[in-house]
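*Asks:* Can you keep this structure in mind? I'll have questions shortly.
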Amino acid sequence: MKQRTPHHHLPALVARVIAGASRTKPADDVLRATLRTAGGLMAAESREVSRAVFAYYRWFGWLDQTLPVEEQVEGALEMARRFGDTPERFFGDELLAHAVPAWAREELDVTPEWAAAIQDEPVLWLRARCGQGEKLSKRLGAGAVHARTEAATTGQFTLPDALLYDGTRDLFQTAEFHEGAFEIQDIASQAVGLVCDPKPGETWWDTCAGEGGKTLHLSDLMQNKGLIWASDRAAWRLKKLKLRAGRAKCFNYRAALWDGGERLPTRTKFDGVLVDAPCSGTGTWQRNPHARWTTTLEDVRELAEVQKRLLANVAPAVKPCSRLIYSVCTLARSETSAVAEQFSKNHPEFAPLPLANPFQPSTPPAPQLWLWPQDTGGNGMFVAAWRRAKV
């Protein structure tokens, strides 16, 4: 029997993760590997290690790097405690100076509201099957709050099948998870599926499907009818999609490898194409604070070129009168509005398509949506859309 790791060893585990993380080894990957091999950790201890690691990177800009890492971690946890008690004390120049790297001001609207939002600890969002949000909330019990219930107290509109979860159960061990009753999916990503608005019987292409979060949402919205092509350049991601699709009972998809080049995986013409493109991930800096300090301005500009090529390459696959949706979990201008404007300039056969904002249904539709963490409670996300002309 493995010996349980004593509580006093936790700081050493935190320090090990920090020492092992780098630009090529994201802290969350190192954290998962460290927790797997630690042996004997209780669930609460694993959560404590995770919280300490992410606090270190979230408050990295305030820390004295000459101190031992254990002392820096303690300082970061103290900053997190103070922020939790009195967040208003952190608004102002100090927050803007320390929360993000200096280059971010060239690419993002670095406001006190956004900086404060990404300093807060993120919440966990679940997506229930269509129309099953309230039922799932009752089944999961304590800690599962249906988004409409939350909206009733905050006045903020939220998505119909989204649940905020702050319980302590291991969700992957629940019967509901194994039945495919929900997916763990950020609320901003859920908004992308609703913006796509696919209909049963249509044919869609999720071009950069990854492990399939948005593919599964499109399938659910389509009532498992019609067809979704799900492509990615990595075979291992599509294998994970297959496992997730089996659990979710998603059968109306076809997986295909595609490297993003001009040679498309199919000659099919689509009612809708979703380009959820690879990006710098600045919209995830609340959930993934390590990336703030490893992402560079060069990364942003290189990825913007990748995004432009992807849109240009998939454009011929969109049927006349049909939709092209571009989404990225970044808020950098080079990867968002600049990419959209370049596509519109190069492709006059595509007209910008106004979209309703799922978080602000009373505002007029717009062809570009900026979803900011301080407004949604989730990741930052940008969405643009076009409709192809008749001929």
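Going by the structure tokens order, chains are called A, B, ..., each with residues numbered from 1, while ligands are numbered from 1 in the order shown.
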Which parts of stretch 224-326 of chain A does DSSP call helix (DSSP H, G or I) when run on the backbone here, written out as a VMD selection string?

*Replies:* chain A and resid 235 to 248 282 to 284 289 to 293 297 to 317

*Asks:* Residues of stretch 116-198 of chain A in strand (DSSP E or B) according to DSSP, as a list of chain:residue names?

*Replies:*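 Written out, the strand (DSSP E or B) residues of stretch 116-198 of chain A are A:Leu124, A:Trp125, A:Leu126, A:Arg127, A:Ala128, A:Ala144, A:Val145, A:His146, A:Ala162, A:Leu163, A:Leu164, A:Tyr165, A:Phe182, A:Glu183, A:Ile184.
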
*Asks:* What's the 7 Å shell around stretch 104-118 of chain A, counting only C-alpha atoms, without same-chain residues fewer than 5 positions away, as a ChimeraX atom specification?

*Replies:* /A:91-92,95-96,99,285-286,331-334,373-374

*Asks:* List the neighbours of stretch 65-74 of chain A out to 8 Å using only C-alpha atoms; skip same-chain residues closer than 2 positions along the sequence, and give me the result as a PyMOL selection string.

*Replies:* chain A and resi 11-12+15+52-53+55-56+63+76-78

*Asks:* Would you export the selected residues with N, CA and C atoms as a short mmCIF file (atom, residue, chain, number, x, y, z; two decimals), in the first residue's frame, please?

*Replies:*
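Result file follows (out-v7.cif):
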data_model
loop_
_atom_site.label_atom_id
_atom_site.label_comp_id
_atom_site.auth_asym_id
_atom_site.auth_seq_id
_atom_site.Cartn_x
_atom_site.Cartn_y
_atom_site.Cartn_z
N PRO A 11 4.37 22.00 0.14
CA PRO A 11 5.17 23.09 -0.43
C PRO A 11 6.27 22.59 -1.37
N ALA A 12 6.85 21.44 -1.05
CA ALA A 12 7.89 20.89 -1.93
C ALA A 12 7.30 20.48 -3.28
N ALA A 15 6.81 23.66 -5.27
CA ALA A 15 8.09 24.14 -5.78
C ALA A 15 8.57 23.27 -6.95
N ALA A 52 -2.08 26.70 -5.00
CA ALA A 52 -0.83 27.41 -4.71
C ALA A 52 -0.03 27.66 -5.99
N VAL A 53 0.01 26.68 -6.88
CA VAL A 53 0.74 26.85 -8.14
C VAL A 53 0.14 27.99 -8.95
N ALA A 55 -1.83 30.40 -7.92
CA ALA A 55 -1.68 31.68 -7.22
C ALA A 55 -0.31 32.28 -7.49
N TYR A 56 0.71 31.44 -7.51
CA TYR A 56 2.07 31.92 -7.77
C TYR A 56 2.13 32.65 -9.11
N LEU A 63 5.74 39.57 -7.05
CA LEU A 63 6.64 38.80 -6.20
C LEU A 63 8.11 39.22 -6.36
N ALA A 76 2.27 34.94 -2.58
CA ALA A 76 1.19 34.91 -3.57
C ALA A 76 -0.13 34.50 -2.93
N LEU A 77 -0.11 33.52 -2.05
CA LEU A 77 -1.33 33.08 -1.38
C LEU A 77 -1.88 34.18 -0.47
N GLU A 78 -0.98 34.94 0.15
CA GLU A 78 -1.43 36.06 0.98
C GLU A 78 -2.07 37.15 0.12
#

*Asks:* To one decimal place in Å, what is the distance between atom CA of A:Thr168 and atom CA of A:Gly193?

*Replies:*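 About the pair atom CA of A:Thr168 and atom CA of A:Gly193: they are 27.8 Å apart.
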
*Asks:* When you look at A:Arg32 with a cut-off of 12 Å (counting only C-alpha atoms), what residues show up, excluding the ones that are within fewer than 5 positions of it in the same chain? I need them as a PyMOL selection string.

*Replies:* chain A and resi 13-14+16-17+20-21+25-27+37-38+46-47+49-50+53

*Asks:* Considering only C-alpha atoms, state which residue in the set A:Gly141, A:Gly226, A:Pro278, A:Gly213 is at the smallest distance from A:Ala188.

*Replies:*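 Of the candidates, the smallest distance to A:Ala188 is held by A:Gly213.
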
*Asks:* Pick from A:Pro87, A:Pro348, A:Gly283, A:Gly180: nearest to A:Ala245, with only C-alpha atoms counted?

*Replies:*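 When distances to A:Ala245 are compared using only C-alpha atoms, the smallest one comes from A:Gly180.
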
*Asks:* Please provide as a list in words all residues within 12 Å of A:Arg23, with the sequence filter that same-chain residues fewer than 3 positions apart are discarded (counting only C-alpha atoms).

*Replies:*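 Once the adjacent positions are removed, what remains is Ile18, Ala19, Gly20, Pro26, Ala27, Asp28, Asp29, Val30, His290, Ala291, Arg292, Trp293, Thr294, Thr295, Thr296 and Asp299 of chain A.
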
*Asks:* Hey, can you check how far atom CA of A:Glu211 sits from atom CA of A:His178?

*Replies:*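 For atom CA of A:Glu211 relative to atom CA of A:His178, the distance reads 17.0 Å.
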
*Asks:* For A:Ala366, which residue among A:Val195, A:Leu221, A:Ala144, A:Leu164 is the nearest when counting only C-alpha atoms?

*Replies:*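 Using only C-alpha atoms, A:Ala366 sits closest to A:Val195.
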
*Asks:* Using only C-alpha atoms, which of A:Gln360, A:Thr215, A:Ser22, A:Thr376 sits nearest A:Asp232?

*Replies:*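 Smallest separation from A:Asp232 among the options: A:Thr215.
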
*Asks:* What lies within 8 Å of A:Val192 using only C-alpha atoms, ignoring chain neighbours under 4 positions off, as a JSON list (two decimals) with C-alpha atoms, in the first residue's frame?

*Replies:*
[["chain", "number", "residue", "atom", "x", "y", "z"],
["A", 188, "ALA", "CA", -17.70, 31.48, -23.30],
["A", 196, "CYS", "CA", -23.24, 28.98, -34.60],
["A", 214, "LYS", "CA", -17.56, 22.37, -29.60],
["A", 327, "SER", "CA", -13.77, 32.17, -32.84],
["A", 383, "VAL", "CA", -16.34, 35.73, -32.42]]

*Asks:* From the list A:Arg309, A:Glu298, A:Ala385, A:Leu353, which residue is nearest A:Ala340 when using only C-alpha atoms?

*Replies:*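 Counting only C-alpha atoms, the residue closest to A:Ala340 is A:Ala385.
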